Structure formats: structure tokens, C-alpha cells
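Report on the following structure.
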2 protein chains.
Amino acid sequence: MKKGAETKFHILEVATDMASRLGLEGISIGALSKATHMSKSGLFAHFQSKENLQLAILEHAIGIFAEKVAIPTLKTTAGIPRIKTLLEKWIAWSTQSTGGCVFVIASADFSDRPGKVRDRIRAQQQDWVDALARVAQSAIRVGDFRDDIDCRQFAFEFYSLLLGFHLYYKLLQSPDIEERQKEALERLIANYR
Amino acid sequence: MKKGAETKFHILEVATDMASRLGLEGISIGALSKATHMSKSGLFAHFQSKENLQLAILEHAIGIFAEKVAIPTLKTTAGIPRIKTLLEKWIAWSTQSTGGCVFVIASADFSDRPGKVRDRIRAQQQDWVDALARVAQSAIRVGDFRDDIDCRQFAFEFYSLLLGFHLYYKLLQSPDIEERQKEALERLIANYR
DNA sequence: GACTAATACGAACGATCGTGCTTTTATTGA
DNA sequence: TCAATAAAAGCACGATCGTTCGTATTAGTC
């Protein structure tokens, strides 16, 4: 009962890394079994279907994301400092290892692929923008933002910058994108102050 | 010599639509041949390899993009009107049919897939952000933007908003995203005015 | 209308896909 | 320590992948 969960965890670690490079759809059970030094059937038995595997990877990634981004951010002081921390944590998350943010890649991949996987990604992304809106809300509470602003509008503009960063960093490999990102955030914050 | 080019064009029309839904990597020659009512080998003969097919699809999409977005935009009066037209044209482009913008999806897919296809996408995206910077430059020329701004910074922030729109529209299916987009653009323009 | 080249097709290749079943090997609790 | 159980491997399946080849059909040229 113990060993099983252990291997499953290890599989998901490798799979999550693979998914951050090739996307959830780009993963094959054969390739994953080789990467984990297991037999295809032995690995498969842990998930019963590929869809379940994809869902498990998502769930695993969501856990890591909470641990590395969401929770640490909420521990910082509310307002603008928290917003800046959030940006830093997210950049660290999406630039770790060779791949990018699993959710960004999966979002593009599954927008037009109906099923449980898309539903889960959609829910995760919705949670994420809701969380961003709450961060703005807390900035209002402490007086860093005006109280007549639209928190969801802030969430949209903030997340857009992250998506832009992701493309500039990963595909275009623009060398000065971190500075651009910082400057854009400064201006964004100024608009809501 | 005529018939061949004709079928090839038709294949690319269908393939481009398919790629806007499933991504360049999600396309299979078998599925594409069924969608075009051709035999697998008959279709394959037009491209010699899958990589060539993907490159041809990209080239085809680039042509459509120029025709429907880039060229019409450059025919409008320079400055803020041109920027607003650009936004409209791009939204029309990326929301046509069921799929999304081929380049956005392919950018996410191929960031970590080395090869000619990635190189081509990267070049296209670089051209695109360069074009955006030139639009900002022309806004300076006519006096709509200050002359001390960073055009590439504008390109980054503008494109980020498009990427955000793409996700909100396609995955989250947010009903009020067009208004949010408009408001974000207003603020963005105000920052450079 | 015949000849030639372009175009499309059918069949098959080896490889890999996701997924079952059966057997062997590890792990566990008494 | 030993039986009970969980985990992993082995093997095979039908389907599909990208690709090749030989053949048939079409098209354009004289």
C-alpha cells in the first residue's frame, strides 16, 4: 500500500516535467514509461486510462503550484508587495526546468478538445483569475488600490502580462523581457493606485 | 500543373482550420486526408513529409494573416485609429471559426520542440512584435504618442493583452471579455499618450 | 487522338499508440 | 516465516502513426 503511492508520485513528477515541455497531449504512455524506467503496462496500471493520467498530472501540478506560488504569496503582506511577490513566484514557477507553465501550455492545447481534462483546466484557470482578483481586493483593503476599481479587470490585465512574458521568454527568448515585465507591472499598478 | 496547386491549396485551407483547433502537432495525415476526401498517400505526395506539411500550413496561415490583419491595418490612418483597427482585425482573425489563432496555439506547442517548424513560428512571432512596434512608431510620428516612449515595450504590453483575450475567450469563455479588452486598451493607450 | 507527365490511389511497411489479460515478483500484516 | 495481497512485468490486441512503392487515373501538349 505504501510502495504504490511512492512510485505513482515519482511517475507524476517525471510526467509533470514532461508535460511542461510537450504539453499534456504530447505525452505518450510509452515515452513516459521509458523515462521512469518502467514497463508500459506497469505504469498504465496506476491510472487505468490516459485521460486519468492526464487528470492526475494536472492535479499533481496544481498541488505544486499551490505550494510554490499561491500559498507563499498569501503569506506576504497584502497590497502591492503581495502583487510583486506573486509575479516573482509565478516567473520562478514558469521558468523552472526547461519547460514552461503546464497550465499555459495545456490551456492552449485543450481549448478545443472537449472532455474531463479541458473541464479541469478550465476550472483551474478560473480559480487562478479569481485568486488574482482577490489579491487586488486585498490591495484595496489595505489602501494600496483605489476602492472604485474593477478587481476582475486587474486580474485580466495582470494575467495577460504573465502570458506575454511566457511567450517572450520561452519562444522568442527575449533577453530583456524580465525588465519589460517589471516596467509593465509598475505602470499597471500605477493605473489602479 | 494547375490541378496540383489547386488541390494543395484546398488541403491547406482544411489543414489550417484543423490546426487552429488541434494545433500543428495535433494534425495527423490520416485525419487530414479524411477531412479532404483524399487518400493518405495522395495527400502525402504533396508535401513529402509531415514537417513540410506543417511548414506549408504555417506559410498558408501567414498569408491569410497578412491579407486579413496586417495589410488592412496598414491602410488605415496612422496613430491611435490604426491601433484600434489592429485590435479589431486581430480579434476577428482569432475568433473566426471554432478554433483560435494558429500562431498562438503553435507558439505554445513548439516552444520546446526544436526544428524547422519552431524556427518558422519564432520568426513569424518576431515579425509580428516588430510590426506592433512599428505601429507604435507611426503613432509617435503623427503625434498620438509621446516621442520618449519605448515602442517595443508597447508591443509587449499590447500583444500580452491579445494573448489574455485569447485565453479568456477560448478557454474561459468569459462573456464580457471584449469590453474588458477595450478598457484595457484605452488605459494602455493613455499611458503612452 | 496518342504520348507524356502530373496527380491520385491502394496496399503495405515498421513503429508506436492506448489498452487489456496473465504471470511473475515485491511488499505487507499476522 | 508464510500466506495474502499489491505492484510490476510480459505479451498481445487492434488502431493509427508517418512513410514508401508500384500502379492506375487524370491532365496538358503535340
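Numbering starts fresh at 1 for the residues of each chain in the C-alpha cells, the chains themselves are lettered A, B, ... in the order given, and ligands are numbered from 1 as they appear.
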DA8 (chain D) surroundings by only C-alpha atoms (C1' of nucleotides), 9 Å radius, close-in-sequence under 2 positions cut, as a PDB file with C-alpha atoms (C1' of nucleotides), in the first residue's frame:
ATOM      1  CA  MET A  38       9.071   1.080 -16.054  1.00  0.00           C
ATOM      2  CA  SER A  39       7.086  -1.188 -18.294  1.00  0.00           C
ATOM      3  CA  SER A  41       1.663  -1.921 -18.544  1.00  0.00           C
ATOM      4  CA  GLY A  42       3.130  -1.466 -15.084  1.00  0.00           C
ATOM      5  CA  LEU A  43       2.805   2.270 -15.383  1.00  0.00           C
ATOM      6  CA  ALA A  45      -1.994   0.059 -14.098  1.00  0.00           C
TER       7      ALA A  45
ATOM      8  C1'  DT C  24       5.824 -13.147 -12.089  1.00  0.00           C
ATOM      9  C1'  DT C  25       7.902 -10.514  -8.499  1.00  0.00           C
ATOM     10  C1'  DA C  26       7.731  -7.496  -4.157  1.00  0.00           C
TER      11       DA C  26
END
Got a sec to align chain B on chain A by every in-order Cα pair and hand back the fitted coordinates as a CSV table (one decimal) with C-alpha atoms, in the first residue's frame?
chain,number,residue,atom,x,y,z
B,1,MET,CA,-0.1,0.2,0.0
B,2,LYS,CA,2.9,2.4,0.6
B,3,LYS,CA,5.1,1.4,-2.4
B,4,GLY,CA,2.3,2.0,-4.9
B,5,ALA,CA,1.7,5.6,-3.9
B,6,GLU,CA,5.5,6.2,-3.9
B,7,THR,CA,5.9,5.0,-7.5
B,8,LYS,CA,2.8,6.8,-8.6
B,9,PHE,CA,4.3,10.0,-7.1
B,10,HIS,CA,7.5,9.5,-8.9
B,11,ILE,CA,5.7,8.9,-12.2
B,12,LEU,CA,3.8,12.1,-11.7
B,13,GLU,CA,7.0,14.0,-11.0
B,14,VAL,CA,8.5,12.9,-14.3
B,15,ALA,CA,5.2,13.3,-16.1
B,16,THR,CA,4.7,16.8,-14.9
B,17,ASP,CA,8.1,17.8,-16.1
B,18,MET,CA,7.5,16.2,-19.5
B,19,ALA,CA,4.1,17.9,-19.8
B,20,SER,CA,5.7,21.3,-19.1
B,21,ARG,CA,7.7,20.7,-22.3
B,22,LEU,CA,5.5,18.8,-24.6
B,23,GLY,CA,2.0,19.5,-23.2
B,24,LEU,CA,-0.4,17.1,-21.7
B,25,GLU,CA,-1.4,15.8,-25.1
B,26,GLY,CA,2.2,15.4,-26.2
B,27,ILE,CA,2.9,12.8,-23.5
B,28,SER,CA,2.7,9.2,-24.5
B,29,ILE,CA,2.5,6.3,-22.1
B,30,GLY,CA,5.4,4.6,-23.9
B,31,ALA,CA,7.7,7.5,-23.7
B,32,LEU,CA,6.7,8.1,-20.0
B,33,SER,CA,7.4,4.5,-19.1
B,34,LYS,CA,10.8,4.7,-20.6
B,35,ALA,CA,11.6,8.0,-18.8
B,36,THR,CA,10.6,6.3,-15.5
B,37,HIS,CA,12.3,3.0,-16.2
B,38,MET,CA,9.1,1.1,-16.0
B,39,SER,CA,7.1,-1.2,-18.3
B,40,LYS,CA,4.2,0.3,-20.2
B,41,SER,CA,1.7,-1.9,-18.5
B,42,GLY,CA,3.1,-1.5,-15.1
B,43,LEU,CA,2.8,2.3,-15.4
B,44,PHE,CA,-0.6,2.1,-17.0
B,45,ALA,CA,-2.0,0.1,-14.1
B,46,HIS,CA,-1.7,3.1,-11.9
B,47,PHE,CA,-4.1,5.2,-14.0
B,48,GLN,CA,-6.4,2.8,-15.9
B,49,SER,CA,-6.6,5.2,-18.8
B,50,LYS,CA,-4.7,8.0,-20.5
B,51,GLU,CA,-7.3,10.5,-19.6
B,52,ASN,CA,-6.9,9.6,-15.9
B,53,LEU,CA,-3.2,10.0,-16.3
B,54,GLN,CA,-3.6,13.5,-17.7
B,55,LEU,CA,-6.0,14.4,-14.9
B,56,ALA,CA,-3.6,13.0,-12.3
B,57,ILE,CA,-0.8,15.1,-13.8
B,58,LEU,CA,-3.0,18.2,-13.6
B,59,GLU,CA,-3.9,17.5,-10.0
B,60,HIS,CA,-0.2,17.0,-9.2
B,61,ALA,CA,0.8,20.2,-10.9
B,62,ILE,CA,-2.0,22.1,-9.1
B,63,GLY,CA,-0.5,20.9,-5.8
B,64,ILE,CA,3.0,22.0,-6.7
B,65,PHE,CA,1.6,25.4,-7.9
B,66,ALA,CA,-0.2,25.9,-4.6
B,67,GLU,CA,2.9,25.0,-2.7
B,68,LYS,CA,5.3,27.1,-4.7
B,69,VAL,CA,3.2,30.1,-5.8
B,70,ALA,CA,-0.2,30.5,-4.2
B,71,ILE,CA,0.5,29.8,-0.6
B,72,PRO,CA,3.8,31.6,-0.2
B,73,THR,CA,2.2,34.6,-1.9
B,74,LEU,CA,-0.7,34.8,0.5
B,75,LYS,CA,1.8,34.8,3.4
B,76,THR,CA,3.2,38.1,2.4
B,77,THR,CA,1.8,41.4,3.4
B,78,ALA,CA,-1.3,42.4,1.4
B,79,GLY,CA,-1.3,45.1,-1.2
B,80,ILE,CA,1.4,46.0,-3.7
B,81,PRO,CA,4.1,43.9,-2.0
B,82,ARG,CA,1.9,40.8,-2.4
B,83,ILE,CA,1.4,41.6,-6.1
B,84,LYS,CA,5.1,41.9,-6.7
B,85,THR,CA,5.8,38.7,-4.8
B,86,LEU,CA,3.1,37.0,-6.9
B,87,LEU,CA,4.8,38.0,-10.1
B,88,GLU,CA,8.2,36.8,-8.9
B,89,LYS,CA,6.8,33.4,-7.7
B,90,TRP,CA,5.0,32.9,-10.9
B,91,ILE,CA,8.0,33.7,-13.0
B,92,ALA,CA,10.1,31.3,-10.9
B,93,TRP,CA,7.5,28.7,-11.4
B,94,SER,CA,7.1,29.0,-15.1
B,95,THR,CA,10.9,29.3,-15.8
B,96,GLN,CA,11.9,26.4,-13.6
B,97,SER,CA,13.4,23.5,-15.7
B,98,THR,CA,13.4,23.6,-19.4
B,99,GLY,CA,9.7,23.6,-19.9
B,100,GLY,CA,7.1,26.3,-19.2
B,101,CYS,CA,3.9,26.6,-17.2
B,102,VAL,CA,1.9,23.4,-17.5
B,103,PHE,CA,-1.3,25.3,-17.4
B,104,VAL,CA,-0.5,27.8,-20.0
B,105,ILE,CA,0.5,25.1,-22.5
B,106,ALA,CA,-2.4,22.9,-21.6
B,107,SER,CA,-4.8,25.8,-21.9
B,108,ALA,CA,-3.8,26.3,-25.5
B,109,ASP,CA,-3.9,22.6,-26.2
B,110,PHE,CA,-7.2,21.8,-24.8
B,111,SER,CA,-9.3,24.8,-25.6
B,112,ASP,CA,-10.9,22.8,-28.4
B,113,ARG,CA,-10.7,19.3,-27.0
B,114,PRO,CA,-13.8,18.7,-25.0
B,115,GLY,CA,-13.6,16.3,-22.1
B,116,LYS,CA,-12.8,16.0,-18.4
B,117,VAL,CA,-9.3,17.3,-19.0
B,118,ARG,CA,-10.4,20.5,-20.5
B,119,ASP,CA,-13.0,20.9,-17.8
B,120,ARG,CA,-10.4,20.6,-15.2
B,121,ILE,CA,-8.0,23.0,-16.8
B,122,ARG,CA,-10.8,25.5,-17.2
B,123,ALA,CA,-11.7,25.2,-13.6
B,124,GLN,CA,-8.1,25.7,-12.6
B,125,GLN,CA,-7.7,28.7,-14.7
B,126,GLN,CA,-10.9,30.1,-13.4
B,127,ASP,CA,-9.7,29.6,-9.8
B,128,TRP,CA,-6.5,31.3,-10.8
B,129,VAL,CA,-8.0,34.5,-12.2
B,130,ASP,CA,-10.4,34.5,-9.2
B,131,ALA,CA,-7.4,34.4,-6.9
B,132,LEU,CA,-5.8,37.3,-8.8
B,133,ALA,CA,-8.9,39.3,-8.3
B,134,ARG,CA,-8.8,38.6,-4.6
B,135,VAL,CA,-5.3,39.8,-4.4
B,136,ALA,CA,-6.5,43.1,-6.0
B,137,GLN,CA,-9.3,43.1,-3.5
B,138,SER,CA,-6.9,42.9,-0.6
B,139,ALA,CA,-4.9,45.7,-2.1
B,140,ILE,CA,-8.0,47.8,-1.9
B,141,ARG,CA,-8.5,46.8,1.7
B,142,VAL,CA,-5.0,48.0,2.8
B,143,GLY,CA,-5.4,51.2,0.8
B,144,ASP,CA,-2.8,50.4,-2.0
B,145,PHE,CA,-5.5,50.5,-4.6
B,146,ARG,CA,-8.4,52.8,-5.1
B,147,ASP,CA,-11.7,51.4,-3.9
B,148,ASP,CA,-13.6,52.1,-7.2
B,149,ILE,CA,-11.5,49.7,-9.3
B,150,ASP,CA,-12.7,46.5,-11.0
B,151,CYS,CA,-10.7,43.6,-9.5
B,152,ARG,CA,-11.5,41.3,-12.3
B,153,GLN,CA,-10.3,43.8,-14.7
B,154,PHE,CA,-7.0,43.9,-12.8
B,155,ALA,CA,-6.8,40.1,-12.9
B,156,PHE,CA,-7.2,40.1,-16.6
B,157,GLU,CA,-4.6,42.7,-17.3
B,158,PHE,CA,-2.2,41.1,-14.8
B,159,TYR,CA,-2.6,37.6,-16.2
B,160,SER,CA,-2.2,38.9,-19.7
B,161,LEU,CA,1.2,40.2,-18.8
B,162,LEU,CA,2.2,36.8,-17.5
B,163,LEU,CA,1.1,35.2,-20.7
B,164,GLY,CA,3.1,37.7,-22.7
B,165,PHE,CA,6.1,37.0,-20.5
B,166,HIS,CA,5.7,33.3,-21.1
B,167,LEU,CA,5.8,33.7,-24.9
B,168,TYR,CA,8.6,36.2,-24.9
B,169,TYR,CA,10.7,34.1,-22.6
B,170,LYS,CA,10.1,30.7,-24.0
B,171,LEU,CA,9.6,31.1,-27.7
B,172,LEU,CA,11.2,34.5,-28.5
B,173,GLN,CA,13.9,34.1,-25.8
B,174,SER,CA,13.9,37.9,-25.5
B,175,PRO,CA,16.8,38.8,-23.2
B,176,ASP,CA,15.3,41.9,-21.6
B,177,ILE,CA,11.8,40.5,-21.0
B,178,GLU,CA,12.2,40.5,-17.2
B,179,GLU,CA,12.8,44.2,-17.2
B,180,ARG,CA,9.9,44.8,-19.6
B,181,GLN,CA,7.7,42.8,-17.4
B,182,LYS,CA,8.7,44.8,-14.3
B,183,GLU,CA,8.1,48.1,-16.1
B,184,ALA,CA,4.7,46.9,-17.4
B,185,LEU,CA,3.7,45.9,-13.9
B,186,GLU,CA,4.8,49.3,-12.5
B,187,ARG,CA,2.5,51.0,-15.0
B,188,LEU,CA,-0.3,48.6,-14.3
B,189,ILE,CA,-0.1,49.2,-10.6
B,190,ALA,CA,0.0,52.9,-11.1
B,191,ASN,CA,-3.3,52.7,-13.0
B,192,TYR,CA,-5.0,51.2,-10.1
B,193,ARG,CA,-3.4,53.2,-7.3
Would you mind listing, as an MDAnalysis selection string, all residues of chain C that have at least one atom within 12 Å of chain B, where only C-alpha atoms (C1' of nucleotides) are what counts?
chainID C and resid 5:12
Please save N, CA and C atoms (P, O5', C5', C4', C3', O3' and C1' of nucleotides) of the selected residues as a tab-separated table (two decimals), in the first residue's frame.
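The resulting file, again.tsv, is shown below:
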chain	number	residue	atom	x	y	z
C	5	DA	P	7.91	13.09	-70.40
C	5	DA	O5'	7.46	13.90	-69.11
C	5	DA	C5'	6.82	15.15	-69.27
C	5	DA	C4'	5.61	15.25	-68.34
C	5	DA	C3'	5.91	15.08	-66.86
C	5	DA	O3'	5.59	16.29	-66.21
C	5	DA	C1'	3.93	13.91	-67.48
C	6	DA	P	6.04	16.57	-64.74
C	6	DA	O5'	4.62	16.67	-64.02
C	6	DA	C5'	3.63	17.51	-64.61
C	6	DA	C4'	2.27	17.15	-64.05
C	6	DA	C3'	2.16	17.19	-62.52
C	6	DA	O3'	0.97	17.87	-62.21
C	6	DA	C1'	1.40	15.11	-63.33
C	7	DT	P	0.71	18.37	-60.73
C	7	DT	O5'	-0.25	17.23	-60.14
C	7	DT	C5'	-1.52	17.03	-60.74
C	7	DT	C4'	-2.10	15.71	-60.31
C	7	DT	C3'	-2.22	15.51	-58.79
C	7	DT	O3'	-3.60	15.59	-58.47
C	7	DT	C1'	-1.62	13.51	-59.93
C	8	DA	P	-4.06	15.59	-56.96
C	8	DA	O5'	-4.47	14.05	-56.74
C	8	DA	C5'	-5.57	13.52	-57.47
C	8	DA	C4'	-5.60	12.02	-57.31
C	8	DA	C3'	-5.72	11.54	-55.86
C	8	DA	O3'	-6.97	10.89	-55.69
C	8	DA	C1'	-4.10	10.28	-57.10
C	9	DC	P	-7.36	10.30	-54.29
C	9	DC	O5'	-7.00	8.76	-54.47
C	9	DC	C5'	-7.41	8.09	-55.66
C	9	DC	C4'	-6.84	6.69	-55.67
C	9	DC	C3'	-7.00	5.95	-54.34
C	9	DC	O3'	-7.75	4.78	-54.55
C	9	DC	C1'	-4.78	5.74	-55.20
C	10	DG	P	-8.42	3.99	-53.36
C	10	DG	O5'	-7.47	2.71	-53.24
C	10	DG	C5'	-6.98	2.10	-54.43
C	10	DG	C4'	-6.16	0.87	-54.08
C	10	DG	C3'	-6.48	0.24	-52.72
C	10	DG	O3'	-6.43	-1.17	-52.87
C	10	DG	C1'	-4.23	1.02	-52.73
C	11	DA	P	-6.65	-2.16	-51.63
C	11	DA	O5'	-5.16	-2.54	-51.24
C	11	DA	C5'	-4.21	-2.81	-52.27
C	11	DA	C4'	-2.84	-3.05	-51.67
C	11	DA	C3'	-2.85	-3.71	-50.29
C	11	DA	O3'	-1.92	-4.78	-50.30
C	11	DA	C1'	-1.56	-1.74	-50.22
C	12	DA	P	-1.76	-5.81	-49.09
C	12	DA	O5'	-0.43	-5.28	-48.39
C	12	DA	C5'	0.76	-5.18	-49.15
C	12	DA	C4'	1.77	-4.37	-48.38
C	12	DA	C3'	1.97	-4.81	-46.94
C	12	DA	O3'	3.23	-5.43	-46.81
C	12	DA	C1'	1.88	-2.44	-47.15
Return as CSV the residues of chain D lying at most 8 Å from chain A, together with the closest atom-to-atom pair for each and the distance in Å to one decimal, counting only C-alpha atoms (C1' of nucleotides), with rows in chain order and ascending residue number.
residue,atom,partner,partner_atom,distance
D:DA6,C1',A:Met1,CA,6.7
D:DA7,C1',A:Gly4,CA,6.7
D:DA8,C1',A:Gly42,CA,5.0
D:DA9,C1',A:Ser39,CA,6.3
Env of DC13 (chain D): 12 Å cut, atoms = only C-alpha atoms (C1' of nucleotides), seq-sep filter 6 positions within chain, self excluded. Answer as number ranges by chain.
C: 18-21
Distance C1' of DA15 (chain C)-C1' of DG22 (chain D), one decimal place?
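If I compute the distance from C1' of DA15 (chain C) to C1' of DG22 (chain D), I get 22.5 Å.
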Could you tell me, as number ranges by chain, which residues of chain A DSSP assigns to helix (DSSP H, G or I) when given the backbone?
A: 2-22, 29-35, 40-44, 50-74, 80-95, 102-110, 116-141, 151-172, 177-192
If I take C1' of DC3 (chain C) and C1' of DT20 (chain D), how far is one from the other in Å, to one decimal?
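Atom-to-atom, C1' of DC3 (chain C) to C1' of DT20 (chain D), that is 27.7 Å.
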